[in-house]
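*Asks:* Here it is: the structure, laid out below.
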Amino acid sequence: MEKVLTLHHDTPELWKLDNYRSKGGYDGLEKALKEMEPDQIIGMVRDAGLRGRGGAGFPSGVKWGFLPKDDRPRYLICNADESEPGTFKDRVLLEQDPHHIIEGIVITCFAVKASLAFVYMRGEFFLGAQRMQAAIDEAYEAGYLGKNILGTGLDVDILVHRGAGAYICGEETGLIESLEGKRAYPRIKPPFPANIGAFGMPTVVNNAETLANVPHIILKGQEWFNSIGPERNRGTRMFCVSGKVQKPGVYELPLGVPLRDIIFDYAGGLHEGRTLKAVIPGGGSARILTADEAMQVDSDFDSLQRAGSMGGSGGIMVLDDTVCIVQSTYIIAEFFHDESCGQCSPCREGTGWVEKILHRVEYGEGRPGDIDLMLRMGENIFGRTICPLGDASVWPTESAINKFRDEFEYHIREKSCLPGTESIL
Ligand SMILES: Cc1cc2nc3c(=O)[nH]c(=O)nc-3n(C[C@H](O)[C@H](O)[C@H](O)COP(=O)(O)O)c2cc1C
Ligand code: SF4
């Protein structure tokens, strides 16, 4: 299968405009602006079936169609905050291929009638920020940005906004608050950003990888996109494979490729002598899968959802038989407690309590009843918070307990990790 988004990533200095152009870069923009109408583009992306790569997998063309038909200014935000544990593909795009994202942004601005776009970027992405700003400068110089783009009368500006390293700034309404100069407290929805978003105006928020797909759909058409991946799960995904594999990295593959192939063929399989214990298939928020479940499931959004987990951000974390499940669950719980913005009591307090209990279980001070106590706490967080971080904090612990309860019980009983598992802390 030919790659789409990363096809030219071996090209030296692809981040420079001339090199991007030499690989057909900005041809999609030219076609969109000179041969298509905005509604036609929205219809094409909707019929292609492009689903968001940021986490929820929401259909992009449908999202764009939610914008009100009024003449208020509207904005596009490219979400490049990329803070989900186990996820590092937007970083690759930003560093290797920033014009690709810019091209997707300008076409999308044309489609949704926005003349200002923001790239909200994770603060730690120093190289990505430099490369993106340099690419924006080149694009202005060459007439792909600014006033009267390619002589078509379209005006689009892009501003890069760098975050300061908070996970919650990736949640679209937290991001918008942060962009407005405030603390990134997620907003209650509705109203949705499509109606009242940044600076009170209609706003589309899309992930960087989602936007990078747009020029290809314009150039090659919806039928071509529909030929990749299973129904309702079209296109490729930049899967980020990490953990106990021989070749961790980003692998662009059609959605739906079996998880087994991603881990054992593309990522080189496990280290010698090891066996697979579990897989977290969609970033740190996703429910954990046992080895058996992981070996039977495909990598697309719907298959992973049917298996009780989710495709999320495309971060596949592989755990072998040396990994202590209690410890890995504790690490994730610590992350969520750290990153809770503190607005809602169930999330602010609950994530802290769960972290505390997991800590004592892991370090030999667990008490009888702790396992059920954590499950009950999860029930009291789930569905009772403003943003999905609350729910996301519950899934890893709840699924690890349901699938590896013996290991939690062993810790409480024996006051140590299972023999053969090692501490990484
Ligand atoms: C806690 C939290 C963190 C998130 N972090 C990111 C992120 O870093 N990048 C991202 O694209 N989406 C992130 N999302 C999802 C966004 O809210 C939003 O759904 C997404 O940017 C929409 O783009 P898409 O439709 O192209 O996927 C996060 C969601 C939550 C709840
Ligand atoms: S769920 Fe957590 S992160 Fe989200 S708004 Fe509430 S306290 Fe903040």
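For the structure tokens, the naming scheme is as follows: chains receive sequential letters (A, B, ...) according to their order of presentation, residues are indexed from 1 within each chain, and ligands are indexed from 1 in presentation order.
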Would you pick out the contacts of Gly61 (chain A) at 7 Å or less, using only C-alpha atoms, so that residues sharing its chain but fewer than 6 positions from it are not included, and give the list as number ranges by chain?
*Replies:* A: 42-43, 45-46
*Asks:* As a list in words, please: every protein or nucleic acid residue near ligand 2 (cut-off 7 Å, counting only C-alpha atoms and all ligand atoms).
*Replies:*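 Those residues are Ile168, Tyr185, Pro186, Glu339, Ser340, Cys341, Gly342, Gln343, Cys344, Ser345, Cys347, Arg348, Thr385, Ile386, Cys387, Pro388, Leu389 and Gly390 of chain A.
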*Asks:* Just N, CA, C and O atoms for this one: save the residues we selected as a CSV table (one decimal), in the first residue's frame.
*Replies:*
```
chain,number,residue,atom,x,y,z
A,168,ILE,N,-4.6,19.6,28.8
A,168,ILE,CA,-5.9,20.1,28.6
A,168,ILE,C,-6.0,21.1,27.5
A,168,ILE,O,-7.1,21.3,26.9
A,185,TYR,N,-9.5,26.3,30.8
A,185,TYR,CA,-10.7,25.6,31.4
A,185,TYR,C,-11.6,25.2,30.3
A,185,TYR,O,-12.2,26.1,29.6
A,186,PRO,N,-11.8,23.9,30.0
A,186,PRO,CA,-12.8,23.6,29.0
A,186,PRO,C,-14.2,24.2,29.2
A,186,PRO,O,-14.5,24.4,30.4
A,339,GLU,N,-2.8,16.4,35.0
A,339,GLU,CA,-3.3,17.2,33.9
A,339,GLU,C,-4.8,17.6,34.1
A,339,GLU,O,-5.2,18.4,33.3
A,340,SER,N,-5.4,17.1,35.1
A,340,SER,CA,-6.8,17.6,35.4
A,340,SER,C,-6.8,19.1,35.6
A,340,SER,O,-5.9,19.6,36.3
A,341,CYS,N,-7.6,19.9,34.9
A,341,CYS,CA,-7.6,21.3,35.1
A,341,CYS,C,-8.2,21.8,36.4
A,341,CYS,O,-8.0,22.9,36.8
A,342,GLY,N,-8.9,20.9,37.1
A,342,GLY,CA,-9.4,21.2,38.4
A,342,GLY,C,-10.7,21.9,38.5
A,342,GLY,O,-11.2,22.2,39.5
A,343,GLN,N,-11.4,22.0,37.3
A,343,GLN,CA,-12.6,22.7,37.3
A,343,GLN,C,-13.8,21.9,37.9
A,343,GLN,O,-14.7,22.5,38.6
A,344,CYS,N,-13.8,20.6,37.7
A,344,CYS,CA,-14.9,19.8,38.2
A,344,CYS,C,-14.4,19.0,39.4
A,344,CYS,O,-13.4,18.3,39.3
A,345,SER,N,-15.2,18.9,40.4
A,345,SER,CA,-14.7,18.2,41.6
A,345,SER,C,-14.5,16.7,41.4
A,345,SER,O,-13.5,16.1,41.8
A,347,CYS,N,-13.5,15.1,38.8
A,347,CYS,CA,-12.2,14.9,38.1
A,347,CYS,C,-11.0,15.3,39.0
A,347,CYS,O,-10.1,14.6,39.2
A,348,ARG,N,-11.1,16.5,39.5
A,348,ARG,CA,-10.0,17.1,40.3
A,348,ARG,C,-9.7,16.2,41.5
A,348,ARG,O,-8.5,15.8,41.7
A,385,THR,N,-18.6,15.1,34.4
A,385,THR,CA,-17.6,16.2,34.3
A,385,THR,C,-17.9,17.1,33.0
A,385,THR,O,-18.6,16.7,32.2
A,386,ILE,N,-17.2,18.2,33.0
A,386,ILE,CA,-17.4,19.1,31.9
A,386,ILE,C,-16.8,18.6,30.6
A,386,ILE,O,-17.4,18.7,29.5
A,387,CYS,N,-15.6,18.1,30.7
A,387,CYS,CA,-15.0,17.7,29.4
A,387,CYS,C,-14.6,16.2,29.5
A,387,CYS,O,-14.7,15.5,30.5
A,388,PRO,N,-14.3,15.6,28.4
A,388,PRO,CA,-14.0,14.1,28.3
A,388,PRO,C,-12.8,13.7,29.1
A,388,PRO,O,-12.6,12.5,29.2
A,389,LEU,N,-12.0,14.6,29.6
A,389,LEU,CA,-10.8,14.1,30.4
A,389,LEU,C,-11.2,13.3,31.6
A,389,LEU,O,-10.6,12.3,31.9
A,390,GLY,N,-12.3,13.7,32.2
A,390,GLY,CA,-12.8,12.9,33.3
A,390,GLY,C,-13.1,11.4,32.9
A,390,GLY,O,-12.6,10.5,33.6
```
*Asks:* Write out as a count of residues only each polymer residue whose atoms come within 12 Å of Ser227 (chain A), counting only C-alpha atoms; drop sequence neighbours fewer than 2 positions from it.
*Replies:* 20
*Asks:* Using DSSP secondary structure from the backbone, list all strand (DSSP E or B) positions within region 93-230 of chain A, as a VMD selection string.
*Replies:* chain A and resid 116 to 121 146 to 149 154 to 162 203 to 207
*Asks:* As an mmCIF file with all heavy atoms, in the first residue's frame, please: all residues of region 383-424 of chain A that backbone DSSP puts in helix (DSSP H, G or I).
*Replies:*
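Output below, filename part.cif:
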```cif
data_model
loop_
_atom_site.group_PDB
_atom_site.id
_atom_site.type_symbol
_atom_site.label_atom_id
_atom_site.label_comp_id
_atom_site.auth_asym_id
_atom_site.auth_seq_id
_atom_site.Cartn_x
_atom_site.Cartn_y
_atom_site.Cartn_z
ATOM 1 N N LEU A 389 -11.969 14.582 29.622
ATOM 2 C CA LEU A 389 -10.801 14.115 30.370
ATOM 3 C C LEU A 389 -11.229 13.263 31.568
ATOM 4 O O LEU A 389 -10.584 12.277 31.918
ATOM 5 C CB LEU A 389 -9.911 15.275 30.829
ATOM 6 C CG LEU A 389 -8.582 14.855 31.461
ATOM 7 C CD1 LEU A 389 -7.462 15.847 31.139
ATOM 8 C CD2 LEU A 389 -8.649 14.679 32.980
ATOM 9 N N GLY A 390 -12.342 13.657 32.172
ATOM 10 C CA GLY A 390 -12.830 12.894 33.328
ATOM 11 C C GLY A 390 -13.091 11.440 32.950
ATOM 12 O O GLY A 390 -12.586 10.506 33.584
ATOM 13 N N ASP A 391 -13.869 11.237 31.865
ATOM 14 C CA ASP A 391 -14.157 9.868 31.413
ATOM 15 C C ASP A 391 -12.856 9.156 31.029
ATOM 16 O O ASP A 391 -12.655 7.979 31.346
ATOM 17 C CB ASP A 391 -15.066 9.881 30.176
ATOM 18 C CG ASP A 391 -16.467 10.383 30.503
ATOM 19 O OD1 ASP A 391 -16.745 10.616 31.695
ATOM 20 O OD2 ASP A 391 -17.264 10.538 29.574
ATOM 21 N N ALA A 392 -11.997 9.887 30.314
ATOM 22 C CA ALA A 392 -10.750 9.275 29.822
ATOM 23 C C ALA A 392 -9.866 8.814 30.977
ATOM 24 O O ALA A 392 -9.108 7.860 30.839
ATOM 25 C CB ALA A 392 -9.992 10.266 28.937
ATOM 26 N N SER A 393 -9.987 9.484 32.121
ATOM 27 C CA SER A 393 -9.144 9.099 33.257
ATOM 28 C C SER A 393 -9.639 7.783 33.874
ATOM 29 O O SER A 393 -8.888 7.084 34.540
ATOM 30 C CB SER A 393 -9.139 10.212 34.318
ATOM 31 O OG SER A 393 -10.356 10.188 35.056
ATOM 32 N N VAL A 394 -10.912 7.466 33.643
ATOM 33 C CA VAL A 394 -11.494 6.267 34.254
ATOM 34 C C VAL A 394 -11.141 5.010 33.454
ATOM 35 O O VAL A 394 -10.848 3.952 34.021
ATOM 36 C CB VAL A 394 -13.043 6.412 34.335
ATOM 37 C CG1 VAL A 394 -13.690 5.126 34.830
ATOM 38 C CG2 VAL A 394 -13.407 7.594 35.233
ATOM 39 N N TRP A 395 -11.165 5.146 32.117
ATOM 40 C CA TRP A 395 -11.022 3.963 31.255
ATOM 41 C C TRP A 395 -9.757 3.136 31.528
ATOM 42 O O TRP A 395 -9.848 1.909 31.629
ATOM 43 C CB TRP A 395 -11.085 4.371 29.777
ATOM 44 C CG TRP A 395 -12.453 4.824 29.364
ATOM 45 C CD1 TRP A 395 -13.647 4.339 29.830
ATOM 46 C CD2 TRP A 395 -12.781 5.851 28.418
ATOM 47 N NE1 TRP A 395 -14.696 4.999 29.220
ATOM 48 C CE2 TRP A 395 -14.197 5.921 28.350
ATOM 49 C CE3 TRP A 395 -12.036 6.718 27.611
ATOM 50 C CZ2 TRP A 395 -14.860 6.815 27.511
ATOM 51 C CZ3 TRP A 395 -12.681 7.593 26.772
ATOM 52 C CH2 TRP A 395 -14.087 7.657 26.733
ATOM 53 N N PRO A 396 -8.576 3.748 31.630
ATOM 54 C CA PRO A 396 -7.382 2.908 31.811
ATOM 55 C C PRO A 396 -7.444 2.075 33.097
ATOM 56 O O PRO A 396 -7.154 0.875 33.076
ATOM 57 C CB PRO A 396 -6.231 3.927 31.879
ATOM 58 C CG PRO A 396 -6.759 5.162 31.233
ATOM 59 C CD PRO A 396 -8.219 5.175 31.517
ATOM 60 N N THR A 397 -7.843 2.684 34.210
ATOM 61 C CA THR A 397 -7.855 1.956 35.489
ATOM 62 C C THR A 397 -8.942 0.891 35.496
ATOM 63 O O THR A 397 -8.708 -0.266 35.847
ATOM 64 C CB THR A 397 -8.090 2.941 36.658
ATOM 65 O OG1 THR A 397 -7.133 3.992 36.552
ATOM 66 C CG2 THR A 397 -7.945 2.260 37.999
ATOM 67 N N GLU A 398 -10.141 1.301 35.070
ATOM 68 C CA GLU A 398 -11.278 0.366 35.077
ATOM 69 C C GLU A 398 -10.978 -0.850 34.190
ATOM 70 O O GLU A 398 -11.187 -2.005 34.591
ATOM 71 C CB GLU A 398 -12.521 1.132 34.600
ATOM 72 C CG GLU A 398 -13.726 0.303 34.276
ATOM 73 C CD GLU A 398 -14.134 0.514 32.818
ATOM 74 O OE1 GLU A 398 -14.323 1.680 32.393
ATOM 75 O OE2 GLU A 398 -14.242 -0.486 32.100
ATOM 76 N N SER A 399 -10.421 -0.617 32.993
ATOM 77 C CA SER A 399 -10.172 -1.750 32.082
ATOM 78 C C SER A 399 -9.018 -2.605 32.587
ATOM 79 O O SER A 399 -9.052 -3.832 32.482
ATOM 80 C CB SER A 399 -9.907 -1.254 30.657
ATOM 81 O OG SER A 399 -8.785 -0.394 30.629
ATOM 82 N N ALA A 400 -7.994 -1.982 33.177
ATOM 83 C CA ALA A 400 -6.868 -2.776 33.691
ATOM 84 C C ALA A 400 -7.338 -3.663 34.834
ATOM 85 O O ALA A 400 -6.946 -4.831 34.935
ATOM 86 C CB ALA A 400 -5.739 -1.846 34.141
ATOM 87 N N ILE A 401 -8.197 -3.118 35.694
ATOM 88 C CA ILE A 401 -8.706 -3.941 36.812
ATOM 89 C C ILE A 401 -9.584 -5.076 36.277
ATOM 90 O O ILE A 401 -9.444 -6.228 36.677
ATOM 91 C CB ILE A 401 -9.500 -3.070 37.817
ATOM 92 C CG1 ILE A 401 -8.548 -2.130 38.555
ATOM 93 C CG2 ILE A 401 -10.267 -3.945 38.808
ATOM 94 C CD1 ILE A 401 -9.235 -1.154 39.503
ATOM 95 N N ASN A 402 -10.465 -4.747 35.328
ATOM 96 C CA ASN A 402 -11.361 -5.791 34.814
ATOM 97 C C ASN A 402 -10.595 -6.915 34.125
ATOM 98 O O ASN A 402 -10.987 -8.070 34.200
ATOM 99 C CB ASN A 402 -12.375 -5.187 33.835
ATOM 100 C CG ASN A 402 -13.429 -4.387 34.587
ATOM 101 O OD1 ASN A 402 -13.633 -4.605 35.779
ATOM 102 N ND2 ASN A 402 -14.071 -3.453 33.905
ATOM 103 N N LYS A 403 -9.490 -6.558 33.458
ATOM 104 C CA LYS A 403 -8.795 -7.586 32.662
ATOM 105 C C LYS A 403 -7.602 -8.219 33.379
ATOM 106 O O LYS A 403 -7.160 -9.301 33.011
ATOM 107 C CB LYS A 403 -8.350 -6.976 31.334
ATOM 108 C CG LYS A 403 -9.558 -6.647 30.486
ATOM 109 C CD LYS A 403 -9.232 -5.961 29.206
ATOM 110 C CE LYS A 403 -10.526 -5.554 28.516
ATOM 111 N NZ LYS A 403 -10.295 -4.860 27.256
ATOM 112 N N PHE A 404 -7.062 -7.518 34.360
ATOM 113 C CA PHE A 404 -5.870 -8.041 35.059
ATOM 114 C C PHE A 404 -6.085 -7.991 36.575
ATOM 115 O O PHE A 404 -5.160 -7.693 37.322
ATOM 116 C CB PHE A 404 -4.617 -7.232 34.652
ATOM 117 C CG PHE A 404 -4.284 -7.348 33.191
ATOM 118 C CD1 PHE A 404 -4.781 -6.433 32.283
ATOM 119 C CD2 PHE A 404 -3.494 -8.390 32.723
ATOM 120 C CE1 PHE A 404 -4.489 -6.538 30.921
ATOM 121 C CE2 PHE A 404 -3.194 -8.512 31.372
ATOM 122 C CZ PHE A 404 -3.699 -7.581 30.465
ATOM 123 N N ARG A 405 -7.310 -8.296 36.997
ATOM 124 C CA ARG A 405 -7.646 -8.180 38.421
ATOM 125 C C ARG A 405 -6.709 -9.030 39.290
ATOM 126 O O ARG A 405 -6.289 -8.599 40.369
ATOM 127 C CB ARG A 405 -9.115 -8.596 38.640
ATOM 128 C CG ARG A 405 -9.596 -8.212 40.017
ATOM 129 C CD ARG A 405 -11.081 -8.479 40.218
ATOM 130 N NE ARG A 405 -11.396 -8.186 41.599
ATOM 131 C CZ ARG A 405 -12.196 -7.212 42.008
ATOM 132 N NH1 ARG A 405 -12.799 -6.445 41.149
ATOM 133 N NH2 ARG A 405 -12.383 -7.005 43.289
ATOM 134 N N ASP A 406 -6.351 -10.202 38.786
ATOM 135 C CA ASP A 406 -5.455 -11.099 39.543
ATOM 136 C C ASP A 406 -4.159 -10.395 39.935
ATOM 137 O O ASP A 406 -3.625 -10.605 41.027
ATOM 138 C CB ASP A 406 -5.042 -12.301 38.676
ATOM 139 C CG ASP A 406 -6.207 -13.247 38.499
ATOM 140 O OD1 ASP A 406 -7.265 -12.963 39.092
ATOM 141 O OD2 ASP A 406 -6.049 -14.238 37.757
ATOM 142 N N GLU A 407 -3.665 -9.591 38.999
ATOM 143 C CA GLU A 407 -2.383 -8.924 39.252
ATOM 144 C C GLU A 407 -2.525 -7.841 40.337
ATOM 145 O O GLU A 407 -1.625 -7.657 41.156
ATOM 146 C CB GLU A 407 -1.851 -8.329 37.941
ATOM 147 C CG GLU A 407 -0.364 -8.083 37.996
ATOM 148 C CD GLU A 407 0.265 -7.841 36.630
ATOM 149 O OE1 GLU A 407 -0.209 -8.384 35.606
ATOM 150 O OE2 GLU A 407 1.259 -7.081 36.586
ATOM 151 N N PHE A 408 -3.657 -7.179 40.346
ATOM 152 C CA PHE A 408 -3.904 -6.183 41.404
ATOM 153 C C PHE A 408 -4.046 -6.895 42.749
ATOM 154 O O PHE A 408 -3.507 -6.442 43.761
ATOM 155 C CB PHE A 408 -5.181 -5.372 41.096
ATOM 156 C CG PHE A 408 -5.002 -4.364 39.982
ATOM 157 C CD1 PHE A 408 -5.104 -4.735 38.654
ATOM 158 C CD2 PHE A 408 -4.690 -3.047 40.264
ATOM 159 C CE1 PHE A 408 -4.922 -3.818 37.629
ATOM 160 C CE2 PHE A 408 -4.509 -2.107 39.252
ATOM 161 C CZ PHE A 408 -4.623 -2.505 37.926
ATOM 162 N N GLU A 409 -4.774 -8.032 42.724
ATOM 163 C CA GLU A 409 -4.959 -8.792 43.975
ATOM 164 C C GLU A 409 -3.620 -9.324 44.495
ATOM 165 O O GLU A 409 -3.351 -9.311 45.703
ATOM 166 C CB GLU A 409 -5.958 -9.944 43.743
ATOM 167 C CG GLU A 409 -7.385 -9.427 43.654
ATOM 168 C CD GLU A 409 -8.394 -10.475 43.176
ATOM 169 O OE1 GLU A 409 -7.960 -11.549 42.712
ATOM 170 O OE2 GLU A 409 -9.609 -10.185 43.252
ATOM 171 N N TYR A 410 -2.786 -9.763 43.573
ATOM 172 C CA TYR A 410 -1.463 -10.278 43.954
ATOM 173 C C TYR A 410 -0.664 -9.186 44.682
ATOM 174 O O TYR A 410 -0.033 -9.427 45.715
ATOM 175 C CB TYR A 410 -0.711 -10.744 42.697
ATOM 176 C CG TYR A 410 0.624 -11.379 42.993
ATOM 177 C CD1 TYR A 410 0.745 -12.766 43.127
ATOM 178 C CD2 TYR A 410 1.770 -10.602 43.169
ATOM 179 C CE1 TYR A 410 1.969 -13.351 43.422
ATOM 180 C CE2 TYR A 410 2.998 -11.166 43.467
ATOM 181 C CZ TYR A 410 3.086 -12.543 43.590
ATOM 182 O OH TYR A 410 4.297 -13.116 43.883
ATOM 183 N N HIS A 411 -0.711 -7.989 44.146
ATOM 184 C CA HIS A 411 0.020 -6.865 44.763
ATOM 185 C C HIS A 411 -0.435 -6.620 46.201
ATOM 186 O O HIS A 411 0.371 -6.372 47.090
ATOM 187 C CB HIS A 411 -0.188 -5.573 43.968
ATOM 188 C CG HIS A 411 0.797 -5.371 42.874
ATOM 189 N ND1 HIS A 411 0.733 -6.045 41.681
ATOM 190 C CD2 HIS A 411 1.889 -4.572 42.785
ATOM 191 C CE1 HIS A 411 1.720 -5.664 40.902
ATOM 192 N NE2 HIS A 411 2.450 -4.776 41.544
ATOM 193 N N ILE A 412 -1.758 -6.656 46.385
ATOM 194 C CA ILE A 412 -2.296 -6.375 47.721
ATOM 195 C C ILE A 412 -1.937 -7.513 48.680
ATOM 196 O O ILE A 412 -1.525 -7.288 49.815
ATOM 197 C CB ILE A 412 -3.830 -6.153 47.649
ATOM 198 C CG1 ILE A 412 -4.114 -4.878 46.844
ATOM 199 C CG2 ILE A 412 -4.438 -6.046 49.043
ATOM 200 C CD1 ILE A 412 -5.576 -4.601 46.557
ATOM 201 N N ARG A 413 -2.037 -8.732 48.173
ATOM 202 C CA ARG A 413 -1.780 -9.905 49.013
ATOM 203 C C ARG A 413 -0.288 -10.071 49.321
ATOM 204 O O ARG A 413 0.125 -10.214 50.457
ATOM 205 C CB ARG A 413 -2.306 -11.144 48.280
ATOM 206 C CG ARG A 413 -2.533 -12.346 49.152
ATOM 207 C CD ARG A 413 -3.205 -13.484 48.369
ATOM 208 N NE ARG A 413 -2.443 -13.876 47.192
ATOM 209 C CZ ARG A 413 -2.874 -13.745 45.925
ATOM 210 N NH1 ARG A 413 -4.055 -13.232 45.679
ATOM 211 N NH2 ARG A 413 -2.118 -14.113 44.908
ATOM 212 N N GLU A 414 0.530 -10.034 48.276
ATOM 213 C CA GLU A 414 1.960 -10.354 48.422
ATOM 214 C C GLU A 414 2.830 -9.117 48.644
ATOM 215 O O GLU A 414 4.030 -9.218 48.845
ATOM 216 C CB GLU A 414 2.469 -11.103 47.182
ATOM 217 C CG GLU A 414 1.684 -12.354 46.835
ATOM 218 C CD GLU A 414 1.794 -13.439 47.892
ATOM 219 O OE1 GLU A 414 2.804 -13.452 48.619
ATOM 220 O OE2 GLU A 414 0.847 -14.250 48.025
#
```
*Asks:* Tell me, as a PDB file with C-alpha atoms, in the first residue's frame, which residues lie within 8 Å of Arg51 (chain A), counting only C-alpha atoms; anything in the same chain fewer than 5 positions away does not count.
*Replies:*
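Written out: part-v7.pdb:
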```
ATOM      1  CA  GLY A  57     -12.841  10.254  14.915  1.00  0.00           C
ATOM      2  CA  PHE A  58     -15.640  12.684  14.052  1.00  0.00           C
ATOM      3  CA  PRO A  59     -16.355  13.050  10.291  1.00  0.00           C
ATOM      4  CA  SER A  60     -14.640  16.255   9.158  1.00  0.00           C
ATOM      5  CA  THR A 210      -6.719  15.453   9.600  1.00  0.00           C
ATOM      6  CA  ASN A 233     -13.009   4.177   8.317  1.00  0.00           C
ATOM      7  CA  ARG A 234     -11.372   5.513   5.211  1.00  0.00           C
TER       8      ARG A 234
END
```
*Asks:* Would you mind listing what lies within 12 Å of Arg360 (chain A) as a list in words, with only C-alpha atoms counted and same-chain residues fewer than 3 positions away left out?
*Replies:*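 My reading of the contact set: Val326, Gln327, Tyr330, Trp353, Val354, Glu355, Lys356, Ile357, Tyr363, Gly364, Glu365, Gly366, Arg367, Pro368, Asp370, Ile371, Phe408, His411, Ile412, Lys415 and Ser416 of chain A.
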*Asks:* For the selection just defined, write its residues with N, CA and C atoms to a file, as a PDB file, in the first residue's frame.
*Replies:*
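Resulting contents of again-v5.pdb:
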```
ATOM      1  N   VAL A 326       0.020  -3.003  37.190  1.00  0.00           N
ATOM      2  CA  VAL A 326      -0.355  -2.046  38.244  1.00  0.00           C
ATOM      3  C   VAL A 326       0.500  -0.783  38.103  1.00  0.00           C
ATOM      4  N   GLN A 327       1.775  -1.004  37.843  1.00  0.00           N
ATOM      5  CA  GLN A 327       2.647   0.168  37.710  1.00  0.00           C
ATOM      6  C   GLN A 327       2.297   1.004  36.477  1.00  0.00           C
ATOM      7  N   TYR A 330      -0.746   2.912  37.204  1.00  0.00           N
ATOM      8  CA  TYR A 330      -0.430   4.008  38.129  1.00  0.00           C
ATOM      9  C   TYR A 330       0.178   5.206  37.369  1.00  0.00           C
ATOM     10  N   TRP A 353      -7.418  10.752  44.057  1.00  0.00           N
ATOM     11  CA  TRP A 353      -7.636   9.606  44.953  1.00  0.00           C
ATOM     12  C   TRP A 353      -7.212   8.308  44.275  1.00  0.00           C
ATOM     13  N   VAL A 354      -7.604   8.166  43.003  1.00  0.00           N
ATOM     14  CA  VAL A 354      -7.260   6.927  42.289  1.00  0.00           C
ATOM     15  C   VAL A 354      -5.733   6.806  42.188  1.00  0.00           C
ATOM     16  N   GLU A 355      -5.075   7.917  41.898  1.00  0.00           N
ATOM     17  CA  GLU A 355      -3.610   7.872  41.816  1.00  0.00           C
ATOM     18  C   GLU A 355      -3.011   7.414  43.161  1.00  0.00           C
ATOM     19  N   LYS A 356      -3.556   7.990  44.242  1.00  0.00           N
ATOM     20  CA  LYS A 356      -3.041   7.687  45.581  1.00  0.00           C
ATOM     21  C   LYS A 356      -3.219   6.196  45.919  1.00  0.00           C
ATOM     22  N   ILE A 357      -4.386   5.665  45.574  1.00  0.00           N
ATOM     23  CA  ILE A 357      -4.642   4.246  45.883  1.00  0.00           C
ATOM     24  C   ILE A 357      -3.732   3.351  45.046  1.00  0.00           C
ATOM     25  N   TYR A 363       3.143  -0.008  45.725  1.00  0.00           N
ATOM     26  CA  TYR A 363       4.287  -0.018  46.637  1.00  0.00           C
ATOM     27  C   TYR A 363       4.064  -0.846  47.901  1.00  0.00           C
ATOM     28  N   GLY A 364       3.184  -1.852  47.796  1.00  0.00           N
ATOM     29  CA  GLY A 364       3.066  -2.845  48.866  1.00  0.00           C
ATOM     30  C   GLY A 364       2.261  -2.394  50.069  1.00  0.00           C
ATOM     31  N   GLU A 365       1.455  -1.339  49.908  1.00  0.00           N
ATOM     32  CA  GLU A 365       0.640  -0.892  51.037  1.00  0.00           C
ATOM     33  C   GLU A 365      -0.850  -0.937  50.724  1.00  0.00           C
ATOM     34  N   GLY A 366      -1.178  -1.720  49.700  1.00  0.00           N
ATOM     35  CA  GLY A 366      -2.588  -1.826  49.307  1.00  0.00           C
ATOM     36  C   GLY A 366      -3.426  -2.467  50.398  1.00  0.00           C
ATOM     37  N   ARG A 367      -4.700  -2.074  50.450  1.00  0.00           N
ATOM     38  CA  ARG A 367      -5.605  -2.607  51.479  1.00  0.00           C
ATOM     39  C   ARG A 367      -6.688  -3.445  50.814  1.00  0.00           C
ATOM     40  N   PRO A 368      -7.213  -4.427  51.543  1.00  0.00           N
ATOM     41  CA  PRO A 368      -8.353  -5.164  50.985  1.00  0.00           C
ATOM     42  C   PRO A 368      -9.470  -4.157  50.684  1.00  0.00           C
ATOM     43  N   ASP A 370      -9.398  -2.062  48.170  1.00  0.00           N
ATOM     44  CA  ASP A 370      -8.893  -0.967  47.327  1.00  0.00           C
ATOM     45  C   ASP A 370      -9.339  -1.097  45.873  1.00  0.00           C
ATOM     46  N   ILE A 371      -9.392  -2.352  45.395  1.00  0.00           N
ATOM     47  CA  ILE A 371      -9.730  -2.539  43.976  1.00  0.00           C
ATOM     48  C   ILE A 371     -11.159  -2.068  43.719  1.00  0.00           C
ATOM     49  N   PHE A 408      -3.657  -7.179  40.346  1.00  0.00           N
ATOM     50  CA  PHE A 408      -3.904  -6.183  41.404  1.00  0.00           C
ATOM     51  C   PHE A 408      -4.046  -6.895  42.749  1.00  0.00           C
ATOM     52  N   HIS A 411      -0.711  -7.989  44.146  1.00  0.00           N
ATOM     53  CA  HIS A 411       0.020  -6.865  44.763  1.00  0.00           C
ATOM     54  C   HIS A 411      -0.435  -6.620  46.201  1.00  0.00           C
ATOM     55  N   ILE A 412      -1.758  -6.656  46.385  1.00  0.00           N
ATOM     56  CA  ILE A 412      -2.296  -6.375  47.721  1.00  0.00           C
ATOM     57  C   ILE A 412      -1.937  -7.513  48.680  1.00  0.00           C
ATOM     58  N   LYS A 415       2.252  -7.969  48.500  1.00  0.00           N
ATOM     59  CA  LYS A 415       2.962  -6.687  48.670  1.00  0.00           C
ATOM     60  C   LYS A 415       4.156  -6.561  47.720  1.00  0.00           C
ATOM     61  N   SER A 416       4.013  -7.111  46.542  1.00  0.00           N
ATOM     62  CA  SER A 416       5.074  -6.954  45.534  1.00  0.00           C
ATOM     63  C   SER A 416       4.494  -7.177  44.140  1.00  0.00           C
TER      64      SER A 416
END
```
*Asks:* If you take only C-alpha atoms and a cut-off of 6 Å, which residues of region 120-225 of chain A touch region 17-31 of chain A, and what are their nearest atom pairs and distances in Å to one decimal, in chain and number order, as CSV?
*Replies:*
```
residue,atom,partner,partner_atom,distance
A:Pro215,CA,A:Gly28,CA,4.6
A:Ile218,CA,A:Gly28,CA,5.8
A:Leu219,CA,A:Gly28,CA,5.2
```
